[in-house]
Structure formats: C-alpha cells, structure tokens
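File shown: coords_9.pdb (PDB, C-alpha atoms and all ligand atoms).
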ATOM      1  CA  MET A  12     152.536  60.556 160.848
ATOM      2  CA  MET A  13     152.943  59.366 164.415
ATOM      3  CA  ARG A  14     150.671  61.435 166.667
ATOM      4  CA  LYS A  15     151.386  61.302 170.401
ATOM      5  CA  PRO A  16     148.271  59.984 172.160
ATOM      6  CA  ILE A  17     146.596  62.275 174.659
ATOM      7  CA  VAL A  18     144.303  61.148 177.470
ATOM      8  CA  ALA A  19     142.504  63.790 179.530
ATOM      9  CA  GLY A  20     140.367  63.331 182.636
ATOM     10  CA  ASN A  21     137.333  65.582 182.856
ATOM     11  CA  TRP A  22     136.438  65.649 186.531
ATOM     12  CA  LYS A  23     133.351  67.794 185.849
ATOM     13  CA  MET A  24     131.718  69.192 189.039
ATOM     14  CA  ASN A  25     133.361  66.603 191.289
ATOM     15  CA  LYS A  26     136.060  66.761 193.982
ATOM     16  CA  THR A  27     136.603  69.275 196.735
ATOM     17  CA  CYS A  28     140.197  70.485 197.158
ATOM     18  CA  ALA A  29     140.910  67.743 199.693
ATOM     19  CA  GLU A  30     139.407  65.065 197.456
ATOM     20  CA  ALA A  31     141.255  66.450 194.427
ATOM     21  CA  ALA A  32     144.564  66.289 196.304
ATOM     22  CA  ASP A  33     143.844  62.682 197.129
ATOM     23  CA  LEU A  34     142.911  61.736 193.576
ATOM     24  CA  VAL A  35     145.853  63.485 191.965
ATOM     25  CA  SER A  36     148.339  61.881 194.350
ATOM     26  CA  GLY A  37     146.964  58.487 193.307
ATOM     27  CA  ILE A  38     147.278  59.446 189.633
ATOM     28  CA  ILE A  39     150.863  60.620 190.131
ATOM     29  CA  ARG A  40     151.720  57.330 191.870
ATOM     30  CA  GLU A  41     150.195  55.309 189.044
ATOM     31  CA  LEU A  42     151.508  57.314 186.107
ATOM     32  CA  ALA A  43     154.877  58.740 187.150
ATOM     33  CA  GLU A  44     156.698  56.640 184.545
ATOM     34  CA  VAL A  45     154.454  57.232 181.547
ATOM     35  CA  THR A  46     156.040  59.386 178.851
ATOM     36  CA  HIS A  47     154.549  58.084 175.591
ATOM     37  CA  VAL A  48     151.118  59.533 176.301
ATOM     38  CA  ASP A  49     150.245  63.147 177.125
ATOM     39  CA  VAL A  50     148.238  62.966 180.353
ATOM     40  CA  VAL A  51     145.975  65.865 181.345
ATOM     41  CA  VAL A  52     143.745  66.280 184.385
ATOM     42  CA  CYS A  53     140.895  68.813 184.345
ATOM     43  CA  PRO A  54     139.602  69.499 187.866
ATOM     44  CA  PRO A  55     136.928  72.082 188.694
ATOM     45  CA  PHE A  56     138.178  75.694 188.937
ATOM     46  CA  THR A  57     138.309  75.606 192.736
ATOM     47  CA  ALA A  58     140.783  72.710 192.771
ATOM     48  CA  LEU A  59     143.097  73.971 190.010
ATOM     49  CA  ARG A  60     145.682  75.459 192.350
ATOM     50  CA  THR A  61     145.835  72.375 194.567
ATOM     51  CA  VAL A  62     146.271  70.074 191.593
ATOM     52  CA  SER A  63     148.688  72.441 189.846
ATOM     53  CA  GLU A  64     151.009  72.420 192.852
ATOM     54  CA  ALA A  65     150.777  68.632 193.195
ATOM     55  CA  ILE A  66     151.757  67.946 189.553
ATOM     56  CA  SER A  67     154.404  70.653 189.197
ATOM     57  CA  ASP A  68     157.317  68.167 189.021
ATOM     58  CA  THR A  69     155.556  65.485 186.985
ATOM     59  CA  ASN A  70     154.704  64.688 183.343
ATOM     60  CA  ILE A  71     151.053  65.367 184.034
ATOM     61  CA  ASP A  72     149.487  68.503 182.588
ATOM     62  CA  LEU A  73     146.684  70.690 183.902
ATOM     63  CA  GLY A  74     143.494  71.610 182.062
ATOM     64  CA  ALA A  75     140.410  73.660 182.930
ATOM     65  CA  GLN A  76     136.846  72.840 181.911
ATOM     66  CA  ASP A  77     135.865  76.190 180.383
ATOM     67  CA  LEU A  78     136.852  79.857 180.119
ATOM     68  CA  HIS A  79     135.369  83.192 179.132
ATOM     69  CA  TRP A  80     136.536  84.824 175.910
ATOM     70  CA  GLU A  81     137.163  88.254 177.442
ATOM     71  CA  LYS A  82     140.377  88.883 179.326
ATOM     72  CA  ARG A  83     138.664  90.605 182.272
ATOM     73  CA  GLY A  84     135.636  92.666 183.177
ATOM     74  CA  ALA A  85     132.046  92.573 184.384
ATOM     75  CA  TYR A  86     131.261  88.892 183.728
ATOM     76  CA  THR A  87     130.099  87.605 187.095
ATOM     77  CA  GLY A  88     130.989  83.995 187.709
ATOM     78  CA  GLU A  89     133.349  83.693 184.754
ATOM     79  CA  ILE A  90     137.074  82.838 184.549
ATOM     80  CA  SER A  91     139.556  84.255 182.016
ATOM     81  CA  SER A  92     142.446  82.690 180.131
ATOM     82  CA  GLU A  93     144.885  84.852 182.098
ATOM     83  CA  MET A  94     143.556  83.448 185.395
ATOM     84  CA  LEU A  95     144.057  79.916 184.091
ATOM     85  CA  ARG A  96     147.567  80.605 182.818
ATOM     86  CA  GLU A  97     148.513  81.988 186.210
ATOM     87  CA  LEU A  98     147.755  78.535 187.663
ATOM     88  CA  PHE A  99     149.890  76.830 184.976
ATOM     89  CA  CYS A 100     146.954  75.460 183.025
ATOM     90  CA  HIS A 101     148.039  74.334 179.565
ATOM     91  CA  TYR A 102     144.748  72.955 178.253
ATOM     92  CA  VAL A 103     141.094  73.933 178.414
ATOM     93  CA  ILE A 104     138.053  71.853 177.488
ATOM     94  CA  LEU A 105     135.666  73.911 175.334
ATOM     95  CA  GLY A 106     132.195  73.188 173.998
ATOM     96  CA  HIS A 107     131.551  70.101 176.102
ATOM     97  CA  SER A 108     128.079  68.742 175.331
ATOM     98  CA  GLU A 109     126.981  69.448 178.911
ATOM     99  CA  ARG A 110     127.831  73.110 178.372
ATOM    100  CA  ARG A 111     126.049  73.099 175.012
ATOM    101  CA  GLN A 112     123.001  71.361 176.567
ATOM    102  CA  TYR A 113     122.643  73.084 179.964
ATOM    103  CA  PHE A 114     124.382  76.446 179.546
ATOM    104  CA  GLY A 115     123.441  77.551 176.052
ATOM    105  CA  GLU A 116     126.894  77.160 174.460
ATOM    106  CA  THR A 117     126.807  77.365 170.694
ATOM    107  CA  SER A 118     129.539  76.700 168.166
ATOM    108  CA  GLU A 119     129.767  80.486 167.800
ATOM    109  CA  SER A 120     130.508  81.051 171.495
ATOM    110  CA  VAL A 121     132.853  78.061 171.505
ATOM    111  CA  ASN A 122     134.724  79.610 168.578
ATOM    112  CA  ARG A 123     135.234  82.864 170.499
ATOM    113  CA  LYS A 124     136.590  80.850 173.425
ATOM    114  CA  VAL A 125     138.886  78.817 171.154
ATOM    115  CA  HIS A 126     140.442  82.035 169.840
ATOM    116  CA  ALA A 127     140.782  83.461 173.365
ATOM    117  CA  ALA A 128     142.469  80.266 174.548
ATOM    118  CA  LEU A 129     144.928  80.203 171.652
ATOM    119  CA  GLU A 130     145.818  83.862 172.140
ATOM    120  CA  ALA A 131     146.765  82.994 175.708
ATOM    121  CA  SER A 132     148.777  79.910 174.611
ATOM    122  CA  LEU A 133     146.231  77.534 176.115
ATOM    123  CA  ARG A 134     145.527  74.427 174.068
ATOM    124  CA  PRO A 135     141.800  73.972 173.527
ATOM    125  CA  ILE A 136     140.246  70.499 173.687
ATOM    126  CA  VAL A 137     137.206  71.166 171.538
ATOM    127  CA  CYS A 138     134.247  68.806 171.948
ATOM    128  CA  VAL A 139     131.921  67.904 169.102
ATOM    129  CA  GLY A 140     129.303  65.185 168.740
ATOM    130  CA  GLU A 141     125.763  64.264 167.871
ATOM    131  CA  ARG A 142     122.799  63.490 170.137
ATOM    132  CA  LEU A 143     121.021  60.153 169.970
ATOM    133  CA  GLU A 144     118.056  61.439 167.975
ATOM    134  CA  GLU A 145     120.436  63.049 165.494
ATOM    135  CA  ARG A 146     122.312  59.774 164.987
ATOM    136  CA  GLU A 147     119.060  57.872 164.616
ATOM    137  CA  ALA A 148     117.863  60.396 162.028
ATOM    138  CA  GLY A 149     121.062  59.802 159.995
ATOM    139  CA  ARG A 150     122.336  63.309 160.785
ATOM    140  CA  THR A 151     125.644  62.435 162.488
ATOM    141  CA  SER A 152     127.925  63.823 159.755
ATOM    142  CA  GLU A 153     125.843  66.972 159.336
ATOM    143  CA  VAL A 154     125.910  67.755 163.088
ATOM    144  CA  VAL A 155     129.584  66.929 163.540
ATOM    145  CA  GLU A 156     130.496  68.990 160.475
ATOM    146  CA  SER A 157     128.575  71.968 161.772
ATOM    147  CA  HIS A 158     130.251  71.672 165.221
ATOM    148  CA  VAL A 159     133.725  71.386 163.679
ATOM    149  CA  ARG A 160     133.305  74.159 161.112
ATOM    150  CA  GLY A 161     131.589  76.490 163.580
ATOM    151  CA  SER A 162     133.737  75.890 166.657
ATOM    152  CA  LEU A 163     137.043  75.893 164.806
ATOM    153  CA  ALA A 164     136.493  78.653 162.252
ATOM    154  CA  GLY A 165     139.236  81.105 161.382
ATOM    155  CA  LEU A 166     142.317  79.257 162.664
ATOM    156  CA  SER A 167     145.772  79.677 161.147
ATOM    157  CA  LYS A 168     147.836  76.556 160.484
ATOM    158  CA  SER A 169     149.982  77.102 163.548
ATOM    159  CA  GLN A 170     146.845  77.559 165.667
ATOM    160  CA  TRP A 171     145.356  74.318 164.335
ATOM    161  CA  LEU A 172     148.442  72.479 165.552
ATOM    162  CA  GLN A 173     147.654  73.547 169.132
ATOM    163  CA  VAL A 174     144.103  72.196 168.994
ATOM    164  CA  VAL A 175     142.832  68.829 170.208
ATOM    165  CA  VAL A 176     139.407  67.752 168.939
ATOM    166  CA  ALA A 177     137.302  65.438 171.115
ATOM    167  CA  TYR A 178     134.615  63.450 169.345
ATOM    168  CA  GLU A 179     132.014  62.732 172.002
ATOM    169  CA  PRO A 180     128.743  61.219 170.835
ATOM    170  CA  VAL A 181     126.325  62.637 173.396
ATOM    171  CA  TRP A 182     124.452  59.327 173.677
ATOM    172  CA  ALA A 183     127.660  57.689 174.944
ATOM    173  CA  ILE A 184     128.514  60.228 177.658
ATOM    174  CA  GLY A 185     127.929  58.922 181.162
ATOM    175  CA  THR A 186     125.504  56.307 179.834
ATOM    176  CA  GLY A 187     127.726  53.239 179.824
ATOM    177  CA  ARG A 188     126.946  52.998 176.105
ATOM    178  CA  THR A 189     130.189  53.326 174.117
ATOM    179  CA  ALA A 190     130.417  53.877 170.382
ATOM    180  CA  SER A 191     131.876  50.766 168.806
ATOM    181  CA  PRO A 192     135.480  51.208 167.656
ATOM    182  CA  GLU A 193     134.237  51.106 164.048
ATOM    183  CA  GLN A 194     131.514  53.722 164.672
ATOM    184  CA  ALA A 195     134.023  56.000 166.365
ATOM    185  CA  GLN A 196     136.710  55.478 163.704
ATOM    186  CA  GLU A 197     134.237  56.376 160.955
ATOM    187  CA  VAL A 198     133.514  59.767 162.537
ATOM    188  CA  HIS A 199     137.173  60.413 163.419
ATOM    189  CA  GLU A 200     138.165  59.801 159.807
ATOM    190  CA  PHE A 201     135.410  62.170 158.705
ATOM    191  CA  ILE A 202     136.638  64.867 161.131
ATOM    192  CA  ARG A 203     140.224  64.485 159.923
ATOM    193  CA  ALA A 204     139.089  64.913 156.307
ATOM    194  CA  LEU A 205     137.142  68.033 157.318
ATOM    195  CA  ILE A 206     140.209  69.493 158.992
ATOM    196  CA  GLY A 207     142.044  68.859 155.732
ATOM    197  CA  GLU A 208     139.408  70.924 153.916
ATOM    198  CA  MET A 209     139.514  73.702 156.498
ATOM    199  CA  SER A 210     143.320  73.779 156.590
ATOM    200  CA  ASP A 211     145.555  71.368 154.707
ATOM    201  CA  SER A 212     146.531  67.706 154.677
ATOM    202  CA  HIS A 213     149.658  68.217 156.796
ATOM    203  CA  VAL A 214     147.594  69.853 159.535
ATOM    204  CA  ALA A 215     144.888  67.176 159.256
ATOM    205  CA  GLU A 216     147.487  64.446 159.783
ATOM    206  CA  ALA A 217     148.956  66.236 162.801
ATOM    207  CA  VAL A 218     145.845  67.229 164.790
ATOM    208  CA  ARG A 219     144.954  64.824 167.570
ATOM    209  CA  ILE A 220     141.366  63.614 167.758
ATOM    210  CA  GLN A 221     140.267  62.042 171.039
ATOM    211  CA  TYR A 222     137.262  59.821 171.551
ATOM    212  CA  GLY A 223     135.028  60.410 174.584
ATOM    213  CA  GLY A 224     131.974  58.583 175.882
ATOM    214  CA  SER A 225     131.959  55.872 178.560
ATOM    215  CA  ILE A 226     135.613  54.905 178.061
ATOM    216  CA  LYS A 227     136.535  52.246 180.601
ATOM    217  CA  PRO A 228     139.677  50.171 181.162
ATOM    218  CA  ASP A 229     138.070  47.256 179.328
ATOM    219  CA  ASN A 230     137.105  49.088 176.128
ATOM    220  CA  ALA A 231     139.927  51.661 175.864
ATOM    221  CA  ARG A 232     142.527  49.539 174.078
ATOM    222  CA  GLU A 233     140.229  48.616 171.198
ATOM    223  CA  LEU A 234     139.151  52.221 170.707
ATOM    224  CA  PHE A 235     142.706  53.581 170.851
ATOM    225  CA  ALA A 236     143.857  50.967 168.337
ATOM    226  CA  GLN A 237     141.801  52.674 165.606
ATOM    227  CA  PRO A 238     143.985  54.618 163.163
ATOM    228  CA  ASP A 239     142.310  58.011 163.668
ATOM    229  CA  ILE A 240     141.699  57.783 167.432
ATOM    230  CA  ASP A 241     144.523  59.508 169.292
ATOM    231  CA  GLY A 242     143.492  58.967 172.897
ATOM    232  CA  GLY A 243     140.471  59.836 174.959
ATOM    233  CA  LEU A 244     138.546  62.361 176.995
ATOM    234  CA  VAL A 245     137.429  60.444 180.063
ATOM    235  CA  GLY A 246     134.659  61.456 182.465
ATOM    236  CA  GLY A 247     133.455  58.945 185.054
ATOM    237  CA  ALA A 248     136.452  56.631 184.879
ATOM    238  CA  SER A 249     138.853  59.532 185.507
ATOM    239  CA  LEU A 250     137.510  59.999 189.050
ATOM    240  CA  GLU A 251     139.385  56.963 190.278
ATOM    241  CA  ALA A 252     143.194  56.828 189.937
ATOM    242  CA  ARG A 253     143.404  53.132 189.122
ATOM    243  CA  SER A 254     140.863  53.149 186.276
ATOM    244  CA  PHE A 255     142.211  56.403 184.817
ATOM    245  CA  ALA A 256     145.737  54.988 184.860
ATOM    246  CA  GLN A 257     144.606  51.786 183.163
ATOM    247  CA  ILE A 258     143.022  53.856 180.391
ATOM    248  CA  VAL A 259     146.204  55.931 179.997
ATOM    249  CA  ARG A 260     148.279  52.753 179.749
ATOM    250  CA  ALA A 261     145.930  51.422 177.079
ATOM    251  CA  ALA A 262     146.962  54.419 174.948
ATOM    252  CA  ILE A 263     150.705  53.650 175.054
ATOM    253  CA  PRO A 264     151.638  52.859 171.449
ATOM    254  CA  GLU A 265     152.467  49.264 170.727
ATOM    255  CA  GLY A 266     156.201  48.649 170.987
ATOM    256  CA  ALA A 267     156.858  51.714 173.172
ATOM    257  CA  GLN A 268     158.696  50.918 176.382
ATOM    258  CA  GLU A 269     157.543  52.571 179.621
TER     259      GLU A 269
HETATM  260  C1  LIG B   1     132.885  63.381 179.191
HETATM  261  O1  LIG B   1     132.056  63.958 179.868
HETATM  262  O2  LIG B   1     133.699  64.044 178.535
HETATM  263  C2  LIG B   1     132.824  61.918 179.146
HETATM  264  C3  LIG B   1     133.370  61.323 178.136
HETATM  265  O3  LIG B   1     132.176  61.296 180.188
HETATM  266  P1  LIG B   1     132.096  59.704 180.468
HETATM  267  O4  LIG B   1     133.472  59.138 180.260
HETATM  268  O5  LIG B   1     131.629  59.595 181.881
HETATM  269  O6  LIG B   1     131.113  59.159 179.480
END
Could you write out this structure as structure tokens?
Ligand code: PEP
Amino acid sequence: MMRKPIVAGNWKMNKTCAEAADLVSGIIRELAEVTHVDVVVCPPFTALRTVSEAISDTNIDLGAQDLHWEKRGAYTGEISSEMLRELFCHYVILGHSERRQYFGETSESVNRKVHAALEASLRPIVCVGERLEEREAGRTSEVVESHVRGSLAGLSKSQWLQVVVAYEPVWAIGTGRTASPEQAQEVHEFIRALIGEMSDSHVAEAVRIQYGGSIKPDNARELFAQPDIDGGLVGGASLEARSFAQIVRAAIPEGAQE
C-alpha cells in the first residue's frame, strides 16, 4: 500500500505570535507547490490563531502540541479539543517524550487524550520511544510495545486510520544523534506488526509511522527511504523555513512530480 508521507514541525515552546507569523510565511513560500506530502505545523497554543489564519488557503495543516481529555471545566491551564477545533486544528501531538518526562504523562493519560482527540475529529500524532538507558539495556522493544499498547488501547478500525504514530527514540531528540536508518526501520517494522496484532493487517499497512529525532536536511532522505518510515516529526529543524522545507521535499516519493 502507498501511504502518503506526513512531515510535521513541532515548534515546542518557541515563537511569539510575531515570530510565528514570520516563520509560517517562509514555510508557505517554500512549500506552496507541495502536494505529495502532508505538511503540518504545530505552534504553541498562543500562536495557533495567527498560524491558522496564515495557512487557511494553503495545503499546510495545523496541529497543536497537547490537549486535555475533558471537553471543559475546572482544569486550570489546560486546553480542550473543542478549543483546538475552533481554530481549525486538524492534528494534535500527544505523549511527546518531553511531556512524559517533565509533566508526568503516562500511556494511560495519553490514551485518554487520544480518545478525546478522535471524538473531536482531531488526528492524534502519538509519540512513543525508548530512553538511552532502556536501549542500552536491550529493552527497546519492550518499552515501545508498552507505549503503543498503552497509548493506543481501545481503538476501532476507523479510529486507527486517523492515527499517526511517531517513533521518537528519546536519545535522538534534540541531541544531534539520529537513529541510523536501519535502527529506525527495525523499530518501525516492529510497531507496524504490533498494530497488526492490535487491529488487523489492513490497518497496519495503512497507518503512517513517522520517525523523529534530530532529523536534518542531510539525513532526512535516507530515513524516509526506509519502507516503514512514512515521514517525520521534526523539532529543531522545523524552526527555520528553509531547513523544514528541505526535509519536506526529502519526503516526496520518488517519481512524484511537484
Ligand atoms: C521532537 O521533539 O519531536 C524532535 C524530534 O526534536 P528534534 O528534531 O529537535 O530532535
């Protein structure tokens, strides 16, 4: 099956509204013609409206970096799916390792958020991945399996088809240390097989699995050429229009004309 590649920029806690407007106008200039890759930008909450308005007539989609599972109520500091939909968000990153590490996210809380997102027709980009000491202890598969099974429990087939999984080895995030294409492919293949067990083989073939962790213009093409890598979740390199655009172009399938 031909899966459409998807490249998303996770801006994390960077960019004021003015800076976000600047960055997104550069991205629009660079990527206006690209149609063979789904392109998503995920600014901080405060810049969502600015970016949403800027991309309204383009192929670029909007994502948020988190949400709360309740629709509304006494949850100081939190943002609901309804609030994101109002700003024309179509994606939401959930379970990023920084949220697991610094804000106590667990696969159980991620799973509640995944269900809340899907109920609101938001597509979750669900992050999974092992820490360095877990890889070195030979526990990569065990950790990734527990993230996938826990974060994505209880999905119907049609819900699975709305999900994007992002494999992000924690030791490769923001460190300049990328997983080799072979290391990444091995885990992506493992995740796809797991999805097959949790759902069925048709779903497993259809779900897109992104790689994330120090993707740069000079390593993106090799990673995206792997059979089970369907694009990337990009942190640092998404904060500059030129490098983000180069990474998106590296995901255009061979033979596709842009
Ligand atoms: C990320 O935080 O999702 C990420 C992949 O970051 P970076 O590209 O900076 O490693």
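For the structure shown here, the set of residues caught by the PyMOL selection byres (((not hetatm)) within 8 of (chain B and resi 1)) is A:Gly20, A:Asn21, A:Lys23, A:His107, A:Ser108, A:Glu109, A:Glu179, A:Ala183, A:Ile184, A:Gly185, A:Thr186, A:Gly187, A:Thr189, A:Tyr222, A:Gly223, A:Gly224, A:Ser225, A:Ile226, A:Lys227, A:Gly243, A:Leu244, A:Val245, A:Gly246, A:Gly247, A:Ala248, A:Ser249.
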Between A:Ser120, A:Ala261, A:Ser254, A:Ala204, smallest distance to Ile38 (chain A) by all atoms listed in the file belongs to A:Ser254
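Distances to Ile90 (chain A) were evaluated for A:Gln112, A:Ser63, A:Thr69, A:Thr57 using all atoms listed in the file, and the minimum falls at A:Thr57.
Distance-wise, CA of Leu234 (chain A) and CA of Phe201 (chain A) end up 16.0 Å apart.
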Expressed in Å, the length from CA of Ala262 (chain A) to CA of Glu64 (chain A) is 25.7 Å
- Result set, the PyMOL selection byres (((chain A and resi 60) around 10) and not hetatm) on current file, as number ranges by chain: A: 28, 54, 56-59, 61-65, 73, 95, 97-100
Query raised in the report: Given the file above and the PyMOL selection byres (((chain A and resi 141) around 10) and not hetatm), which residues are selected, and can you give them as an MDAnalysis selection string?
Result: chainID A and resid 108 139:140 142:147 150:156 158 178:183
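CA of His47 (chain A) sits 21.9 Å away from CA of His213 (chain A).
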Centre, edges in Å (one decimal): axis-aligned box, region 89-98 of chain A, 6 Å padding on all six sides, as lines of an AutoDock Vina configuration file:
center_x = 140.9
center_y = 81.7
center_z = 183.9
size_x = 27.2
size_y = 18.3
size_z = 19.5
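Across A:Leu34, A:Lys82, A:Ser91, A:Leu250, the tightest approach to Ile66 (chain A) is made by A:Leu34 when counting all atoms listed in the file.
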Find the residues around Arg111 (chain A) up to 10 Å (all atoms listed in the file counted), leave out those fewer than 5 positions away in its own chain, and share them as an MDAnalysis selection string.
chainID A and resid 105:106 116:118 120:121 138:139
**Prompt:** List as an MDAnalysis selection string: which residues have an atom within 12 Å of (135.1, 88.1, 180.4), counting all atoms listed in the file?
**Reply:** chainID A and resid 77:94 123:124 127
ask   = Could you pull the residues within 12 Å of Ala43 (chain A), counting only C-alpha atoms, minus those fewer than 6 positions along the same chain, as a ChimeraX atom specification?
value = /A:35-37,49-50,66,68-71,256,259-260,269
Selection above as a file: C-alpha atoms, as a PDB file, in the frame of the given file:
ATOM      1  CA  VAL A  35     145.853  63.485 191.965  1.00  0.00           C
ATOM      2  CA  SER A  36     148.339  61.881 194.350  1.00  0.00           C
ATOM      3  CA  GLY A  37     146.964  58.487 193.307  1.00  0.00           C
ATOM      4  CA  ASP A  49     150.245  63.147 177.125  1.00  0.00           C
ATOM      5  CA  VAL A  50     148.238  62.966 180.353  1.00  0.00           C
ATOM      6  CA  ILE A  66     151.757  67.946 189.553  1.00  0.00           C
ATOM      7  CA  ASP A  68     157.317  68.167 189.021  1.00  0.00           C
ATOM      8  CA  THR A  69     155.556  65.485 186.985  1.00  0.00           C
ATOM      9  CA  ASN A  70     154.704  64.688 183.343  1.00  0.00           C
ATOM     10  CA  ILE A  71     151.053  65.367 184.034  1.00  0.00           C
ATOM     11  CA  ALA A 256     145.737  54.988 184.860  1.00  0.00           C
ATOM     12  CA  VAL A 259     146.204  55.931 179.997  1.00  0.00           C
ATOM     13  CA  ARG A 260     148.279  52.753 179.749  1.00  0.00           C
ATOM     14  CA  GLU A 269     157.543  52.571 179.621  1.00  0.00           C
TER      15      GLU A 269
END
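Distance check against Ala252 (chain A) using all atoms listed in the file: of A:Val48, A:Leu172, A:Ala32, A:Val218, the minimum falls on A:Ala32.
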